[in-house]
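*Asks:* Contents of input-v1.csv (CSV, C-alpha atoms and all ligand atoms):
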chain,number,residue,atom,x,y,z
A,1,MET,CA,50.1,-28.5,44.6
A,2,ILE,CA,50.2,-30.5,47.9
A,3,GLU,CA,47.5,-33.1,47.7
A,4,ARG,CA,46.6,-36.4,49.3
A,5,THR,CA,45.8,-39.8,47.8
A,6,LEU,CA,44.7,-43.2,49.1
A,7,ALA,CA,47.1,-46.1,48.7
A,8,MET,CA,46.3,-49.7,49.6
A,9,ILE,CA,48.7,-52.6,49.9
A,10,LYS,CA,46.5,-55.5,48.7
A,11,PRO,CA,46.2,-59.0,50.4
A,12,ASP,CA,48.6,-60.6,47.9
A,13,ALA,CA,51.4,-58.2,48.8
A,14,VAL,CA,50.7,-58.4,52.5
A,15,LYS,CA,50.9,-62.3,52.2
A,16,LYS,CA,54.3,-61.9,50.4
A,17,HIS,CA,55.7,-59.8,53.3
A,18,ALA,CA,56.1,-56.8,50.9
A,19,ILE,CA,54.6,-54.1,53.3
A,20,GLY,CA,58.1,-52.8,54.2
A,21,ASP,CA,59.4,-52.6,50.7
A,22,ILE,CA,56.3,-50.9,49.4
A,23,VAL,CA,56.1,-48.3,52.2
A,24,SER,CA,59.8,-47.6,51.7
A,25,ARG,CA,59.1,-46.9,48.0
A,26,TYR,CA,56.5,-44.4,49.0
A,27,GLU,CA,58.8,-42.6,51.4
A,28,LYS,CA,61.8,-42.6,48.9
A,29,ALA,CA,59.5,-41.0,46.3
A,30,GLY,CA,58.4,-38.2,48.6
A,31,LEU,CA,54.9,-39.6,49.0
A,32,HIS,CA,54.6,-39.1,52.8
A,33,PRO,CA,52.3,-41.3,54.8
A,34,VAL,CA,50.0,-39.2,57.0
A,35,ALA,CA,47.6,-41.9,58.1
A,36,VAL,CA,47.7,-45.7,58.1
A,37,ARG,CA,45.3,-48.6,59.0
A,38,MET,CA,45.7,-52.3,58.7
A,39,MET,CA,42.6,-54.4,58.6
A,40,GLN,CA,40.8,-57.2,56.8
A,41,LEU,CA,37.9,-55.9,54.7
A,42,ALA,CA,34.6,-57.6,55.0
A,43,LYS,CA,33.3,-58.4,51.5
A,44,PRO,CA,30.5,-55.7,51.6
A,45,ILE,CA,33.2,-53.1,52.5
A,46,ALA,CA,35.3,-54.2,49.5
A,47,GLU,CA,32.1,-53.9,47.4
A,48,GLY,CA,31.5,-50.4,48.7
A,49,PHE,CA,35.0,-49.3,48.1
A,50,TYR,CA,35.0,-50.6,44.5
A,51,ALA,CA,31.4,-49.6,43.8
A,52,VAL,CA,32.5,-47.8,40.7
A,53,HIS,CA,33.3,-51.2,39.2
A,54,LYS,CA,30.1,-53.0,40.2
A,55,THR,CA,29.0,-53.8,36.6
A,56,ARG,CA,32.4,-55.1,35.5
A,57,PRO,CA,32.8,-58.8,34.9
A,58,PHE,CA,35.7,-58.9,37.4
A,59,PHE,CA,33.8,-57.3,40.3
A,60,ASP,CA,32.9,-60.4,42.3
A,61,SER,CA,36.3,-61.9,41.9
A,62,LEU,CA,38.0,-58.6,42.8
A,63,THR,CA,36.0,-58.1,45.9
A,64,THR,CA,36.5,-61.7,47.0
A,65,PHE,CA,40.3,-61.2,46.6
A,66,MET,CA,40.3,-57.9,48.4
A,67,SER,CA,38.5,-59.4,51.4
A,68,SER,CA,40.7,-62.6,51.4
A,69,GLY,CA,43.3,-61.3,53.9
A,70,PRO,CA,44.6,-58.1,55.6
A,71,VAL,CA,45.3,-55.0,53.7
A,72,VAL,CA,47.3,-51.9,54.7
A,73,ILE,CA,45.6,-48.6,53.8
A,74,LEU,CA,47.5,-45.3,53.8
A,75,VAL,CA,46.9,-41.7,53.0
A,76,LEU,CA,49.9,-40.3,51.2
A,77,GLU,CA,50.7,-36.6,51.0
A,78,GLY,CA,53.0,-34.6,48.8
A,79,GLU,CA,53.4,-32.5,45.6
A,80,ASP,CA,51.2,-34.0,42.8
A,81,THR,CA,50.8,-37.1,44.8
A,82,ILE,CA,47.9,-38.6,42.9
A,83,THR,CA,49.7,-38.7,39.6
A,84,ARG,CA,53.2,-39.5,41.0
A,85,HIS,CA,51.7,-42.4,43.0
A,86,ARG,CA,50.0,-43.8,40.0
A,87,ALA,CA,53.4,-43.7,38.1
A,88,LEU,CA,55.2,-45.4,41.0
A,89,MET,CA,52.5,-48.1,41.0
A,90,GLY,CA,52.8,-49.0,37.3
A,91,ALA,CA,50.1,-50.3,34.9
A,92,THR,CA,47.1,-52.3,36.2
A,93,ASP,CA,48.5,-55.4,34.5
A,94,PRO,CA,51.9,-56.1,36.1
A,95,ALA,CA,53.1,-57.7,32.8
A,96,LYS,CA,52.7,-54.2,31.2
A,97,ALA,CA,54.1,-52.2,34.2
A,98,ASP,CA,57.3,-50.4,33.7
A,99,LYS,CA,60.5,-51.7,35.3
A,100,GLY,CA,61.0,-50.2,38.7
A,101,THR,CA,57.3,-49.9,39.5
A,102,ILE,CA,55.7,-51.5,42.5
A,103,ARG,CA,53.4,-53.7,40.3
A,104,ALA,CA,56.3,-54.8,38.2
A,105,ALA,CA,58.1,-55.9,41.4
A,106,HIS,CA,55.2,-57.4,43.4
A,107,GLY,CA,52.2,-58.0,41.1
A,108,THR,CA,51.3,-61.5,39.9
A,109,ASN,CA,48.5,-60.8,37.3
A,110,ILE,CA,45.9,-58.2,36.4
A,111,GLU,CA,43.9,-59.0,39.5
A,112,TYR,CA,46.6,-59.7,42.0
A,113,ASN,CA,48.5,-56.6,41.4
A,114,ALA,CA,49.8,-55.7,44.8
A,115,VAL,CA,48.6,-52.1,45.3
A,116,HIS,CA,45.7,-49.7,44.8
A,117,GLY,CA,45.9,-46.0,44.2
A,118,SER,CA,43.3,-43.2,43.7
A,119,ASP,CA,43.2,-42.2,40.0
A,120,SER,CA,41.9,-38.6,40.4
A,121,ALA,CA,41.2,-35.9,42.9
A,122,ASP,CA,37.5,-36.8,43.1
A,123,THR,CA,38.3,-40.5,43.6
A,124,ALA,CA,40.9,-39.6,46.3
A,125,ALA,CA,38.3,-37.6,48.2
A,126,PHE,CA,35.8,-40.5,48.1
A,127,GLU,CA,38.4,-43.1,49.0
A,128,ILE,CA,40.1,-41.1,51.8
A,129,GLY,CA,36.7,-40.3,53.2
A,130,PHE,CA,35.7,-44.0,53.0
A,131,PHE,CA,38.5,-45.2,55.3
A,132,PHE,CA,39.5,-42.0,57.1
A,133,PRO,CA,36.3,-40.0,57.4
A,134,GLN,CA,37.8,-37.1,59.4
A,135,MET,CA,40.8,-36.4,57.1
A,136,ASP,CA,39.6,-35.7,53.6
A,137,LEU,CA,41.3,-32.3,53.3
A,138,PRO,CA,45.1,-31.6,52.8
A,139,ARG,CA,46.9,-30.3,55.9
A,140,PRO,CA,46.8,-26.4,55.8
A,141,ALA,CA,50.1,-24.9,54.6
A,201,LIG,O1,43.8,-50.4,40.1
A,201,LIG,P1,43.7,-49.7,38.8
A,201,LIG,O2,43.1,-48.3,38.9
A,201,LIG,O3,45.0,-49.7,38.0
A,201,LIG,O4,42.7,-50.5,37.8
A,201,LIG,P2,41.1,-50.5,37.7
A,201,LIG,O5,40.8,-50.6,36.3
A,201,LIG,O6,40.5,-49.4,38.5
A,201,LIG,O7,40.7,-51.9,38.3
A,201,LIG,C1,40.6,-52.0,39.8
A,201,LIG,C2,41.2,-53.4,40.1
A,201,LIG,O8,40.4,-54.4,39.6
A,201,LIG,C3,42.6,-53.6,39.6
A,201,LIG,O9,43.6,-53.1,40.3
A,201,LIG,C4,42.6,-55.2,39.6
A,201,LIG,O10,42.9,-55.7,40.9
A,201,LIG,C5,41.2,-55.5,39.2
A,201,LIG,N1,41.0,-55.8,37.8
A,201,LIG,C6,40.8,-57.2,37.4
A,201,LIG,O11,40.8,-58.0,38.2
A,201,LIG,N2,40.6,-57.5,36.1
A,201,LIG,C7,40.7,-56.5,35.1
A,201,LIG,N3,40.5,-56.8,33.8
A,201,LIG,C8,40.9,-55.1,35.5
A,201,LIG,C9,41.0,-54.8,36.8
A,202,MG,MG,41.2,-47.7,39.6
The structure given in the file should be rewritten as C-alpha cells.
Ligand code: CDP
Ligand code: MG
*Replies:*
Amino acid sequence: MIERTLAMIKPDAVKKHAIGDIVSRYEKAGLHPVAVRMMQLAKPIAEGFYAVHKTRPFFDSLTTFMSSGPVVILVLEGEDTITRHRALMGATDPAKADKGTIRAAHGTNIEYNAVHGSDSADTAAFEIGFFFPQMDLPRPA
C-alpha cells in the first residue's frame, strides 16, 4: 500500500552536515520526499509534537534538544513507507542500531539519535498534519 510518513532530521544531524547523506538514503530506499520544511522548533512546538511522551523522564531534555537548532522535516511517500522508514532509521539507541542504518551512522546516544520517524499510521497522520496541515492524505493513485 502506498502510504506517507513523517521524517525529521534532528538538530544533531543538521549540525553534523548530514542532511545530504540522510536524504540520499531516503531516496535510494524508495522513500520519496513529497514535502520538506527546514525550521527551528520553538520549545512549545517541540512539546506539542512529542506530547505523547510528556510524562516520560526524558521529555524536558528531549524537547530542549529538539528546539536547540534547525531541523529538516519531510513527508516521505512509497510502498509500506512507515515500516520501511523505521527499519532504515534503526533502533532508538544508536549503539543497538543495525549496521547500515541512519542511526548507526549518525546517532550519538539514545537522545541525540539523528532522525525521527512516525511509528504507525495513526502517528503519521497526526505528525504530518502537525507540520503540513493540508497534506495528510496519500496522493490519489
Ligand atoms: O524515536 P523513536 O520512536 O525511536 O523513540 P521514542 O521512544 O518514541 O522516543 C522519542 C525520542 O525521545 C527518541 O528518538 C530520543 O531522541 C528520545 N529518547 C530519550 O532521550 N531517552 C530515552 N530513554 C528514549 C527516547
Ligand atoms: Mg517514537
*Asks:* Hey, which residues sit close to ligand LIG 201 (chain A)? Say within 10 Å, counting all atoms listed in the file, and write them as an mmCIF file with C-alpha atoms, keeping the file's coordinate frame.
*Replies:*
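Dumped everything to result38.cif:
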data_model
loop_
_atom_site.group_PDB
_atom_site.id
_atom_site.type_symbol
_atom_site.label_atom_id
_atom_site.label_comp_id
_atom_site.auth_asym_id
_atom_site.auth_seq_id
_atom_site.Cartn_x
_atom_site.Cartn_y
_atom_site.Cartn_z
ATOM 1 C CA MET A 8 46.300 -49.700 49.600
ATOM 2 C CA LYS A 10 46.500 -55.500 48.700
ATOM 3 C CA TYR A 50 35.000 -50.600 44.500
ATOM 4 C CA VAL A 52 32.500 -47.800 40.700
ATOM 5 C CA HIS A 53 33.300 -51.200 39.200
ATOM 6 C CA ARG A 56 32.400 -55.100 35.500
ATOM 7 C CA PRO A 57 32.800 -58.800 34.900
ATOM 8 C CA PHE A 58 35.700 -58.900 37.400
ATOM 9 C CA PHE A 59 33.800 -57.300 40.300
ATOM 10 C CA ASP A 60 32.900 -60.400 42.300
ATOM 11 C CA SER A 61 36.300 -61.900 41.900
ATOM 12 C CA LEU A 62 38.000 -58.600 42.800
ATOM 13 C CA THR A 63 36.000 -58.100 45.900
ATOM 14 C CA PHE A 65 40.300 -61.200 46.600
ATOM 15 C CA MET A 66 40.300 -57.900 48.400
ATOM 16 C CA ARG A 86 50.000 -43.800 40.000
ATOM 17 C CA MET A 89 52.500 -48.100 41.000
ATOM 18 C CA GLY A 90 52.800 -49.000 37.300
ATOM 19 C CA ALA A 91 50.100 -50.300 34.900
ATOM 20 C CA THR A 92 47.100 -52.300 36.200
ATOM 21 C CA ASP A 93 48.500 -55.400 34.500
ATOM 22 C CA PRO A 94 51.900 -56.100 36.100
ATOM 23 C CA ARG A 103 53.400 -53.700 40.300
ATOM 24 C CA GLY A 107 52.200 -58.000 41.100
ATOM 25 C CA ASN A 109 48.500 -60.800 37.300
ATOM 26 C CA ILE A 110 45.900 -58.200 36.400
ATOM 27 C CA GLU A 111 43.900 -59.000 39.500
ATOM 28 C CA TYR A 112 46.600 -59.700 42.000
ATOM 29 C CA ASN A 113 48.500 -56.600 41.400
ATOM 30 C CA ALA A 114 49.800 -55.700 44.800
ATOM 31 C CA VAL A 115 48.600 -52.100 45.300
ATOM 32 C CA HIS A 116 45.700 -49.700 44.800
ATOM 33 C CA GLY A 117 45.900 -46.000 44.200
ATOM 34 C CA SER A 118 43.300 -43.200 43.700
ATOM 35 C CA ASP A 119 43.200 -42.200 40.000
ATOM 36 C CA SER A 120 41.900 -38.600 40.400
#
*Asks:* Can you measure CA of Ala97 in chain A to CA of Ser68 in chain A for me? One decimal in Å is fine.
*Replies:*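 Straight-line distance from CA of Ala97 in chain A to CA of Ser68 in chain A works out to 24.2 Å.
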*Asks:* CA of Ile19 in chain A to CA of Ala105 in chain A: how many Å, to one decimal?
*Replies:*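 Computing the Euclidean distance for CA of Ile19 in chain A and CA of Ala105 in chain A yields 12.5 Å.
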*Asks:* Mind giving me the straight-line distance from CA of Glu127 in chain A to CA of Ser67 in chain A in Å, one decimal?
*Replies:*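 Here the two named atoms are 16.5 Å from each other.
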*Asks:* Measuring between all atoms listed in the file, which one of A:Ala7, A:Glu79, A:Asp98, A:His17 shows the shortest distance to ligand MG 202 (chain A)?
*Replies:*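 The shortest atom-to-atom distance to ligand MG 202 (chain A) comes from A:Ala7.
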*Asks:* Given the choices A:Val72, A:Val23, A:Ala18, A:Asp80, which gets closest to Met38 in chain A if the distance is worked out from all atoms listed in the file?
*Replies:*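 Residue with the minimum atom-to-atom distance to Met38 in chain A: A:Val72.
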*Asks:* Ranking A:Ile45, A:Ala104, A:Ala51, A:Ile73 by minimum distance to ligand MG 202 (chain A) and counting all atoms listed in the file, which one comes first?
*Replies:*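 Under the stated criterion, the closest residue is A:Ala51.
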*Asks:* Return the single residue from A:Met135, A:Phe49, A:Lys16, A:Gly129 that is closest to ligand MG 202 (chain A), with distances computed using only C-alpha atoms and all ligand atoms.
*Replies:* A:Phe49
*Asks:* From the set A:Ala95, A:Met39, A:Leu6, A:Met1, which residue has the shortest atom-to-atom contact distance to ligand MG 202 (chain A), counting only C-alpha atoms and all ligand atoms?
*Replies:*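 Closest to ligand MG 202 (chain A), using only C-alpha atoms and all ligand atoms: A:Leu6.
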*Asks:* Nearest to ligand MG 202 (chain A) among A:Lys54, A:Thr123, A:Gln134, A:Gly69, with distances taken over all atoms listed in the file: which residue is it?
*Replies:*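 The shortest atom-to-atom distance to ligand MG 202 (chain A) comes from A:Thr123.
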*Asks:* Would you compute the box with edges along x, y and z of the file around range 66-77 of chain A, including every atom the file lists for it and 8 Å extra on each side, and give its centre and edge lengths in Å to one decimal, as JSON?
*Replies:*
{"center_x": 44.6, "center_y": -49.6, "center_z": 52.0, "size_x": 28.2, "size_y": 42.0, "size_z": 23.2}
*Asks:* Starting from the block above, write range 43-73 of chain A out to a file with N, CA and C atoms, as a PDB file, in the first residue's frame, please.
*Replies:*
ATOM      1  N   LYS A  43      10.358  25.777  21.657  1.00  0.00           N
ATOM      2  CA  LYS A  43      10.192  24.683  22.638  1.00  0.00           C
ATOM      3  C   LYS A  43       8.725  24.222  22.766  1.00  0.00           C
ATOM      4  N   PRO A  44       7.738  25.132  22.824  1.00  0.00           N
ATOM      5  CA  PRO A  44       6.344  24.655  22.916  1.00  0.00           C
ATOM      6  C   PRO A  44       5.903  23.850  21.689  1.00  0.00           C
ATOM      7  N   ILE A  45       6.498  24.123  20.536  1.00  0.00           N
ATOM      8  CA  ILE A  45       6.165  23.336  19.336  1.00  0.00           C
ATOM      9  C   ILE A  45       6.752  21.929  19.478  1.00  0.00           C
ATOM     10  N   ALA A  46       7.993  21.850  19.943  1.00  0.00           N
ATOM     11  CA  ALA A  46       8.597  20.524  20.190  1.00  0.00           C
ATOM     12  C   ALA A  46       7.777  19.765  21.230  1.00  0.00           C
ATOM     13  N   GLU A  47       7.287  20.457  22.249  1.00  0.00           N
ATOM     14  CA  GLU A  47       6.458  19.816  23.291  1.00  0.00           C
ATOM     15  C   GLU A  47       5.144  19.303  22.705  1.00  0.00           C
ATOM     16  N   GLY A  48       4.560  20.058  21.789  1.00  0.00           N
ATOM     17  CA  GLY A  48       3.308  19.627  21.147  1.00  0.00           C
ATOM     18  C   GLY A  48       3.536  18.416  20.259  1.00  0.00           C
ATOM     19  N   PHE A  49       4.636  18.445  19.522  1.00  0.00           N
ATOM     20  CA  PHE A  49       4.952  17.335  18.619  1.00  0.00           C
ATOM     21  C   PHE A  49       5.178  16.040  19.402  1.00  0.00           C
ATOM     22  N   TYR A  50       5.854  16.149  20.542  1.00  0.00           N
ATOM     23  CA  TYR A  50       6.184  14.971  21.357  1.00  0.00           C
ATOM     24  C   TYR A  50       5.221  14.815  22.545  1.00  0.00           C
ATOM     25  N   ALA A  51       4.015  15.342  22.436  1.00  0.00           N
ATOM     26  CA  ALA A  51       3.059  15.305  23.553  1.00  0.00           C
ATOM     27  C   ALA A  51       2.840  13.888  24.090  1.00  0.00           C
ATOM     28  N   VAL A  52       2.921  12.897  23.213  1.00  0.00           N
ATOM     29  CA  VAL A  52       2.732  11.502  23.625  1.00  0.00           C
ATOM     30  C   VAL A  52       3.750  11.086  24.700  1.00  0.00           C
ATOM     31  N   HIS A  53       4.874  11.804  24.772  1.00  0.00           N
ATOM     32  CA  HIS A  53       5.932  11.455  25.736  1.00  0.00           C
ATOM     33  C   HIS A  53       5.943  12.385  26.951  1.00  0.00           C
ATOM     34  N   LYS A  54       4.884  13.174  27.164  1.00  0.00           N
ATOM     35  CA  LYS A  54       5.019  14.237  28.160  1.00  0.00           C
ATOM     36  C   LYS A  54       5.185  13.768  29.599  1.00  0.00           C
ATOM     37  N   THR A  55       4.831  12.538  29.891  1.00  0.00           N
ATOM     38  CA  THR A  55       5.057  12.054  31.265  1.00  0.00           C
ATOM     39  C   THR A  55       6.388  11.302  31.408  1.00  0.00           C
ATOM     40  N   ARG A  56       7.145  11.184  30.329  1.00  0.00           N
ATOM     41  CA  ARG A  56       8.407  10.422  30.392  1.00  0.00           C
ATOM     42  C   ARG A  56       9.509  11.278  31.029  1.00  0.00           C
ATOM     43  N   PRO A  57      10.449  10.632  31.718  1.00  0.00           N
ATOM     44  CA  PRO A  57      11.513  11.392  32.396  1.00  0.00           C
ATOM     45  C   PRO A  57      12.385  12.182  31.431  1.00  0.00           C
ATOM     46  N   PHE A  58      12.457  11.750  30.159  1.00  0.00           N
ATOM     47  CA  PHE A  58      13.334  12.429  29.210  1.00  0.00           C
ATOM     48  C   PHE A  58      12.645  13.570  28.458  1.00  0.00           C
ATOM     49  N   PHE A  59      11.372  13.862  28.785  1.00  0.00           N
ATOM     50  CA  PHE A  59      10.599  14.814  27.985  1.00  0.00           C
ATOM     51  C   PHE A  59      11.226  16.213  27.937  1.00  0.00           C
ATOM     52  N   ASP A  60      11.635  16.740  29.091  1.00  0.00           N
ATOM     53  CA  ASP A  60      12.169  18.112  29.094  1.00  0.00           C
ATOM     54  C   ASP A  60      13.491  18.178  28.327  1.00  0.00           C
ATOM     55  N   SER A  61      14.346  17.207  28.580  1.00  0.00           N
ATOM     56  CA  SER A  61      15.630  17.168  27.889  1.00  0.00           C
ATOM     57  C   SER A  61      15.431  16.992  26.373  1.00  0.00           C
ATOM     58  N   LEU A  62      14.529  16.093  26.000  1.00  0.00           N
ATOM     59  CA  LEU A  62      14.257  15.840  24.577  1.00  0.00           C
ATOM     60  C   LEU A  62      13.757  17.103  23.871  1.00  0.00           C
ATOM     61  N   THR A  63      12.807  17.798  24.483  1.00  0.00           N
ATOM     62  CA  THR A  63      12.225  18.956  23.807  1.00  0.00           C
ATOM     63  C   THR A  63      13.190  20.150  23.814  1.00  0.00           C
ATOM     64  N   THR A  64      14.085  20.210  24.813  1.00  0.00           N
ATOM     65  CA  THR A  64      15.155  21.222  24.790  1.00  0.00           C
ATOM     66  C   THR A  64      16.111  20.931  23.635  1.00  0.00           C
ATOM     67  N   PHE A  65      16.503  19.665  23.512  1.00  0.00           N
ATOM     68  CA  PHE A  65      17.368  19.252  22.391  1.00  0.00           C
ATOM     69  C   PHE A  65      16.701  19.544  21.052  1.00  0.00           C
ATOM     70  N   MET A  66      15.435  19.164  20.911  1.00  0.00           N
ATOM     71  CA  MET A  66      14.759  19.298  19.616  1.00  0.00           C
ATOM     72  C   MET A  66      14.550  20.752  19.211  1.00  0.00           C
ATOM     73  N   SER A  67      14.620  21.666  20.194  1.00  0.00           N
ATOM     74  CA  SER A  67      14.464  23.092  19.875  1.00  0.00           C
ATOM     75  C   SER A  67      15.818  23.812  19.885  1.00  0.00           C
ATOM     76  N   SER A  68      16.919  23.069  19.929  1.00  0.00           N
ATOM     77  CA  SER A  68      18.247  23.683  20.087  1.00  0.00           C
ATOM     78  C   SER A  68      18.868  24.156  18.775  1.00  0.00           C
ATOM     79  N   GLY A  69      18.288  23.812  17.655  1.00  0.00           N
ATOM     80  CA  GLY A  69      18.838  24.204  16.360  1.00  0.00           C
ATOM     81  C   GLY A  69      17.875  23.790  15.271  1.00  0.00           C
ATOM     82  N   PRO A  70      18.185  24.152  14.021  1.00  0.00           N
ATOM     83  CA  PRO A  70      17.260  23.825  12.936  1.00  0.00           C
ATOM     84  C   PRO A  70      17.086  22.329  12.732  1.00  0.00           C
ATOM     85  N   VAL A  71      15.905  21.968  12.245  1.00  0.00           N
ATOM     86  CA  VAL A  71      15.589  20.592  11.848  1.00  0.00           C
ATOM     87  C   VAL A  71      15.093  20.617  10.405  1.00  0.00           C
ATOM     88  N   VAL A  72      15.159  19.463   9.749  1.00  0.00           N
ATOM     89  CA  VAL A  72      14.565  19.306   8.416  1.00  0.00           C
ATOM     90  C   VAL A  72      13.443  18.286   8.546  1.00  0.00           C
ATOM     91  N   ILE A  73      12.254  18.687   8.126  1.00  0.00           N
ATOM     92  CA  ILE A  73      11.056  17.859   8.287  1.00  0.00           C
ATOM     93  C   ILE A  73      10.570  17.475   6.895  1.00  0.00           C
TER      94      ILE A  73
END
